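What follows is the content of model18.tsv (TSV, C-alpha atoms).
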chain	number	residue	atom	x	y	z
A	1	MET	CA	-1.34	-9.07	-46.85
A	2	MET	CA	0.20	-6.07	-45.09
A	3	LYS	CA	-3.21	-4.41	-44.88
A	4	THR	CA	-4.68	-7.56	-43.34
A	5	LEU	CA	-1.76	-7.77	-40.91
A	6	CYS	CA	-2.27	-4.15	-39.85
A	7	VAL	CA	-5.98	-4.75	-39.28
A	8	VAL	CA	-5.22	-7.83	-37.17
A	9	VAL	CA	-2.62	-5.94	-35.12
A	10	VAL	CA	-4.98	-3.01	-34.49
A	11	LEU	CA	-7.83	-5.32	-33.50
A	12	SER	CA	-5.51	-7.31	-31.26
A	13	LEU	CA	-4.24	-4.17	-29.55
A	14	PHE	CA	-7.81	-2.96	-29.08
A	15	SER	CA	-8.74	-6.32	-27.58
A	16	VAL	CA	-5.73	-6.27	-25.24
A	17	CYS	CA	-6.42	-2.71	-24.11
A	18	GLN	CA	-10.09	-3.48	-23.61
A	19	SER	CA	-9.23	-6.63	-21.61
A	20	ALA	CA	-6.76	-4.66	-19.48
A	21	SER	CA	-9.37	-1.99	-18.84
A	22	LEU	CA	-11.94	-4.60	-17.80
A	23	ALA	CA	-9.38	-6.33	-15.58
A	24	CYS	CA	-8.58	-3.03	-13.86
A	25	GLU	CA	-12.25	-2.25	-13.41
A	26	LYS	CA	-12.75	-5.61	-11.69
A	27	LEU	CA	-9.62	-5.40	-9.55
A	28	LEU	CA	-10.44	-1.89	-8.31
A	29	ASN	CA	-14.05	-2.66	-7.41
A	30	PRO	CA	-14.96	-2.79	-3.71
A	31	LEU	CA	-15.61	-6.26	-2.33
A	32	ASP	CA	-19.17	-7.54	-2.53
A	33	LYS	CA	-18.74	-9.31	0.78
A	34	GLY	CA	-15.85	-8.62	3.09
A	35	PRO	CA	-13.90	-11.20	5.12
A	36	ASP	CA	-14.17	-11.92	8.82
A	37	LEU	CA	-11.85	-9.25	10.17
A	38	SER	CA	-11.04	-11.01	13.42
A	39	GLY	CA	-7.59	-12.55	13.70
A	40	SER	CA	-3.97	-11.78	13.00
A	41	TRP	CA	-3.13	-10.11	9.67
A	42	HIS	CA	0.43	-9.75	8.37
A	43	ILE	CA	1.13	-6.68	6.24
A	44	ILE	CA	2.74	-8.18	3.15
A	45	ALA	CA	3.24	-5.19	0.83
A	46	VAL	CA	2.49	-1.49	0.58
A	47	SER	CA	2.12	0.93	-2.31
A	48	SER	CA	1.48	4.66	-2.28
A	49	GLU	CA	0.20	7.34	-4.61
A	50	ASN	CA	3.73	8.78	-4.69
A	51	CYS	CA	6.81	6.56	-4.79
A	52	LEU	CA	8.61	8.86	-2.33
A	53	PHE	CA	6.76	7.30	0.61
A	54	THR	CA	7.69	3.70	-0.16
A	55	ALA	CA	11.18	4.70	-1.32
A	56	LEU	CA	11.81	6.43	2.02
A	57	ILE	CA	10.64	3.39	4.00
A	58	ASN	CA	12.72	1.05	1.87
A	59	ALA	CA	15.80	3.26	2.14
A	60	LEU	CA	15.77	3.69	5.91
A	61	VAL	CA	14.24	0.65	7.59
A	62	LEU	CA	13.87	-3.10	7.44
A	63	LEU	CA	10.19	-3.17	8.38
A	64	SER	CA	7.83	-5.92	9.51
A	65	ALA	CA	4.24	-5.23	10.56
A	66	LYS	CA	1.06	-7.01	11.50
A	67	VAL	CA	-2.28	-6.14	13.04
A	68	ASN	CA	-4.38	-8.18	15.44
A	69	ILE	CA	-8.11	-7.46	15.13
A	70	THR	CA	-10.59	-8.41	17.88
A	71	SER	CA	-14.34	-7.89	17.75
A	72	LYS	CA	-16.01	-5.93	20.56
A	73	ASP	CA	-19.48	-6.27	22.07
A	74	THR	CA	-20.75	-3.28	20.07
A	75	PRO	CA	-21.78	-4.40	16.53
A	76	ASN	CA	-19.29	-3.61	13.74
A	77	THR	CA	-16.72	-2.36	16.25
A	78	TYR	CA	-13.24	-3.83	16.67
A	79	ASP	CA	-10.05	-3.32	18.61
A	80	THR	CA	-6.90	-3.25	16.50
A	81	ASN	CA	-3.37	-3.71	17.79
A	82	PHE	CA	-0.57	-2.87	15.36
A	83	LYS	CA	2.86	-4.39	15.91
A	84	ILE	CA	5.83	-3.00	14.00
A	85	LYS	CA	9.39	-4.32	14.01
A	86	ILE	CA	12.38	-2.26	12.85
A	87	TYR	CA	15.93	-3.63	13.08
A	88	GLY	CA	14.99	-5.88	16.00
A	89	TYR	CA	13.13	-3.15	17.90
A	90	CYS	CA	9.36	-3.37	18.34
A	91	VAL	CA	6.54	-0.91	18.93
A	92	SER	CA	2.81	-1.49	19.31
A	93	GLU	CA	-0.16	0.81	18.92
A	94	SER	CA	-3.87	0.18	19.49
A	95	GLU	CA	-6.94	1.93	18.18
A	96	PRO	CA	-10.67	1.18	17.73
A	97	LEU	CA	-12.15	0.45	14.33
A	98	PHE	CA	-15.62	0.60	12.78
A	99	TYR	CA	-16.41	-1.73	9.88
A	100	VAL	CA	-19.46	-1.37	7.61
A	101	ASN	CA	-20.19	-2.05	3.92
A	102	ASN	CA	-16.58	-3.11	3.29
A	103	THR	CA	-15.21	0.18	4.57
A	104	LEU	CA	-13.11	0.75	7.68
A	105	PHE	CA	-13.30	3.90	9.81
A	106	GLY	CA	-11.41	5.11	12.83
A	107	LEU	CA	-13.47	6.01	15.91
A	108	ASP	CA	-13.30	9.25	17.87
A	109	SER	CA	-13.59	9.63	21.65
A	110	ASN	CA	-17.38	9.29	21.36
A	111	ASN	CA	-17.06	6.03	19.39
A	112	ALA	CA	-18.35	7.77	16.26
A	113	PRO	CA	-16.79	6.98	12.84
A	114	THR	CA	-14.32	9.64	11.80
A	115	GLY	CA	-12.11	10.54	8.85
A	116	ASP	CA	-11.96	9.11	5.36
A	117	PRO	CA	-12.60	5.36	5.19
A	118	ASP	CA	-10.26	2.64	4.02
A	119	VAL	CA	-11.97	0.55	1.32
A	120	LEU	CA	-11.65	-3.20	0.87
A	121	LEU	CA	-11.02	-4.07	-2.77
A	122	GLN	CA	-11.21	-7.29	-4.77
A	123	THR	CA	-8.55	-9.96	-4.37
A	124	GLY	CA	-8.15	-13.49	-5.64
A	125	CYS	CA	-6.16	-14.42	-2.53
A	126	PRO	CA	-8.44	-16.48	-0.25
A	127	ASP	CA	-7.01	-15.26	3.06
A	128	CYS	CA	-5.97	-11.72	2.11
A	129	MET	CA	-7.29	-8.19	2.41
A	130	VAL	CA	-6.50	-5.37	0.00
A	131	LEU	CA	-7.05	-1.96	1.58
A	132	LYS	CA	-7.05	1.38	-0.19
A	133	GLY	CA	-6.66	4.27	2.23
A	134	VAL	CA	-6.86	7.99	1.54
A	135	ASP	CA	-5.40	10.04	4.35
A	136	VAL	CA	-2.44	12.42	4.69
A	137	ILE	CA	-0.61	9.80	2.61
A	138	SER	CA	-2.70	7.64	0.29
A	139	THR	CA	-1.68	4.01	0.69
A	140	PHE	CA	-2.56	0.61	-0.71
A	141	LEU	CA	-2.00	-2.41	1.54
A	142	LEU	CA	-1.91	-6.16	1.01
A	143	LEU	CA	-2.53	-8.13	4.21
A	144	SER	CA	-2.71	-11.87	4.72
A	145	LYS	CA	-3.31	-14.39	7.48
A	146	ARG	CA	-0.07	-15.99	6.21
A	147	LYS	CA	3.38	-14.51	6.71
A	148	THR	CA	4.06	-14.68	2.96
A	149	VAL	CA	1.91	-15.01	-0.17
A	150	SER	CA	2.51	-16.69	-3.51
A	151	ALA	CA	4.17	-14.96	-6.45
A	152	ALA	CA	0.84	-14.98	-8.31
A	153	GLU	CA	-0.99	-13.32	-5.40
A	154	LEU	CA	1.71	-10.67	-5.11
A	155	LYS	CA	1.57	-10.11	-8.89
A	156	GLU	CA	-2.18	-9.50	-8.70
A	157	PHE	CA	-1.59	-6.83	-6.06
A	158	GLU	CA	1.11	-5.26	-8.23
A	159	THR	CA	-1.36	-5.20	-11.14
A	160	GLN	CA	-3.86	-3.38	-8.93
A	161	THR	CA	-1.27	-0.70	-8.13
A	162	GLU	CA	-0.50	-0.36	-11.86
A	163	CYS	CA	-4.21	0.11	-12.55
A	164	LEU	CA	-4.21	2.97	-10.04
A	165	GLY	CA	-0.99	4.41	-11.46
A	166	TRP	CA	0.60	4.17	-8.00
A	167	SER	CA	4.12	3.13	-6.97
A	168	LYS	CA	5.44	-0.40	-7.35
A	169	PRO	CA	4.63	-2.30	-4.14
A	170	LEU	CA	7.27	-2.48	-1.44
A	171	VAL	CA	7.33	-6.00	-0.01
A	172	LEU	CA	7.90	-5.82	3.74
A	173	ASN	CA	10.12	-8.08	5.81
A	174	SER	CA	8.51	-11.41	6.76
A	175	ASP	CA	10.13	-11.65	10.22
A	176	HIS	CA	7.09	-11.51	12.50
A	177	ASP	CA	8.69	-12.48	15.80
A	178	TYR	CA	7.46	-9.64	18.00
A	179	GLU	CA	8.18	-11.37	21.31
A	180	ASN	CA	11.98	-11.48	21.23
A	181	CYS	CA	12.77	-7.84	20.55
A	182	GLN	CA	13.43	-4.67	22.49
A	183	SER	CA	10.46	-2.39	22.92
A	184	LEU	CA	10.59	1.12	21.50
A	185	ASP	CA	7.91	2.02	24.05
A	186	ASP	CA	10.47	1.62	26.84
A	187	ASP	CA	12.09	4.95	27.71
A	188	ASN	CA	15.25	3.11	28.80
A	189	THR	CA	15.75	1.45	25.43
A	190	ASP	CA	19.13	2.41	24.00
A	191	ILE	CA	18.72	2.63	20.23
A	192	ASP	CA	21.64	2.82	17.84
A	193	THR	CA	20.77	1.78	14.29
A	194	SER	CA	22.91	4.32	12.43
A	195	GLY	CA	25.25	1.66	11.05
A	196	LEU	CA	22.35	-0.55	9.91
A	197	ILE	CA	20.60	2.39	8.24
A	198	TYR	CA	23.82	3.41	6.48
A	199	GLN	CA	24.31	-0.11	5.10
A	200	ARG	CA	20.69	-0.21	3.93
A	201	LEU	CA	20.98	3.19	2.27
A	202	LYS	CA	23.93	1.93	0.26
A	203	ARG	CA	21.91	-1.07	-0.96
A	204	THR	CA	18.73	0.83	-1.79
A	205	SER	CA	20.05	4.19	-2.99
A	206	ALA	CA	19.50	3.42	-6.69
A	207	GLU	CA	15.75	2.90	-6.24
A	208	SER	CA	15.45	6.02	-4.07
A	209	PHE	CA	17.30	8.21	-6.59
A	210	LYS	CA	15.14	6.80	-9.40
A	211	CYS	CA	12.01	7.87	-7.53
A	212	LEU	CA	13.45	11.33	-6.80
A	213	ALA	CA	14.40	11.77	-10.45
A	214	GLU	CA	10.92	10.77	-11.63
A	215	ASN	CA	9.35	13.27	-9.24
A	216	PHE	CA	11.62	16.16	-10.21
A	217	LEU	CA	11.14	15.44	-13.90
A	218	SER	CA	7.37	15.31	-13.52
A	219	TYR	CA	7.17	18.98	-12.46
A	220	PRO	CA	8.55	20.55	-15.68
A	221	ARG	CA	6.57	17.97	-17.69
A	222	ALA	CA	3.37	18.98	-15.89
A	223	ALA	CA	4.18	22.67	-16.38
A	224	PHE	CA	4.78	22.11	-20.10
A	225	GLN	CA	1.47	20.24	-20.47
A	226	TRP	CA	-0.35	23.03	-18.62
A	227	ALA	CA	1.22	25.65	-20.91
A	228	GLN	CA	0.18	23.66	-24.00
A	229	GLN	CA	-3.40	23.42	-22.76
A	230	PHE	CA	-3.43	27.11	-21.85
A	231	TRP	CA	-2.25	28.33	-25.27
A	232	SER	CA	-4.47	25.88	-27.20
A	233	LYS	CA	-7.52	27.54	-25.64
A	234	ARG	CA	-6.52	31.08	-26.63
Here is the file; what I need is its structure written in the form of structure tokens.
Amino acid sequence: MMKTLCVVVVLSLFSVCQSASLACEKLLNPLDKGPDLSGSWHIIAVSSENCLFTALINALVLLSAKVNITSKDTPNTYDTNFKIKIYGYCVSESEPLFYVNNTLFGLDSNNAPTGDPDVLLQTGCPDCMVLKGVDVISTFLLLSKRKTVSAAELKEFETQTECLGWSKPLVLNSDHDYENCQSLDDDNTDIDTSGLIYQRLKRTSAESFKCLAENFLSYPRAAFQWAQQFWSKR
């Protein structure tokens, strides 16, 4: 009986692992057909290759963000306007975008695609985009036409980040009122958020320290693994 039980357990674990692998393969595939980019997209959650990036954002700011995308006369070319809100202060930034084969490129001064592309990945959310970007900081974004998504849709995005081995997604603030806020673009804006940042640091310090600890511990672990590999080859 025990032998049979062990066989069943092993086969079950193999099946689970195989299913998880297939699920990851599907979730990390580029889209076959991308969405219509035009419209207003709310940035719901962000993950990064290293948890330090999201931990720093979470520790310092209460962040909301969205992007308005408008098609231009030139095929596959769009204008993008990013709006970001931090503690009631707003800033906007615009840049052109080139979209082809489910990849997004920035455009240089000659309107030529430049840099590494962001790639649109699979998502079961009908009005969402999942973007994987590799730049100075590698990021993974969940965007939606809605201000919030369902728990199941957010869980799918979290599963995608787990498949990549990236940080747990940071869910951004859902306050997308960008009309009734002071502009950070105004030189006369008097900004004092020190008290708000201090209060937020107190609430989020545990998560930040956890990320720092994981990073510091990973260095000796990596060095030990390298030493093992080095001596095994001698």
Neighbour list for Ser38 (chain A) as a compact mmCIF listing (two decimals) with C-alpha atoms, keeping the file's coordinate frame, cut-off 10 Å, all atoms listed in the file, skip fewer than 3 positions in-chain:
# COMPACT_ATOMS: atom_id res chain seq x y z
CA PRO A 35 -13.90 -11.20 5.12
CA TRP A 41 -3.13 -10.11 9.67
CA ASN A 68 -4.38 -8.18 15.44
CA ILE A 69 -8.11 -7.46 15.13
CA THR A 70 -10.59 -8.41 17.88
CA SER A 71 -14.34 -7.89 17.75
CA TYR A 78 -13.24 -3.83 16.67
CA ASP A 79 -10.05 -3.32 18.61
CA THR A 80 -6.90 -3.25 16.50
Non-local contacts of Gln122 (chain A) (6 Å; all atoms listed in the file; under 3 positions in same chain excluded) as a PDB file with C-alpha atoms, in the frame of the given file:
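Writing done, so here's result.pdb:
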ATOM      1  CA  LEU A  27      -9.620  -5.400  -9.550  1.00  0.00           C
ATOM      2  CA  PRO A  30     -14.960  -2.790  -3.710  1.00  0.00           C
ATOM      3  CA  LEU A  31     -15.610  -6.260  -2.330  1.00  0.00           C
TER       4      LEU A  31
END
query: Could you list as a ChimeraX atom specification every residue that has an atom within 7 Å of (2.3, -5.7, 15.7), using the file's coordinates and counting all atoms listed in the file?
result: /A:65-67,81-84,92,178
message: Could you check which residues have any atom within 8 Å of (-11.8, 5.0, 12.9), counting only C-alpha atoms with coordinates taken straight from the file, and then list them as a PyMOL selection string?
response: chain A and resi 95-98+104-108+112-115+117
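Across the structure, CA of Leu60 (chain A) and CA of Ser167 (chain A) are spaced 17.4 Å apart.
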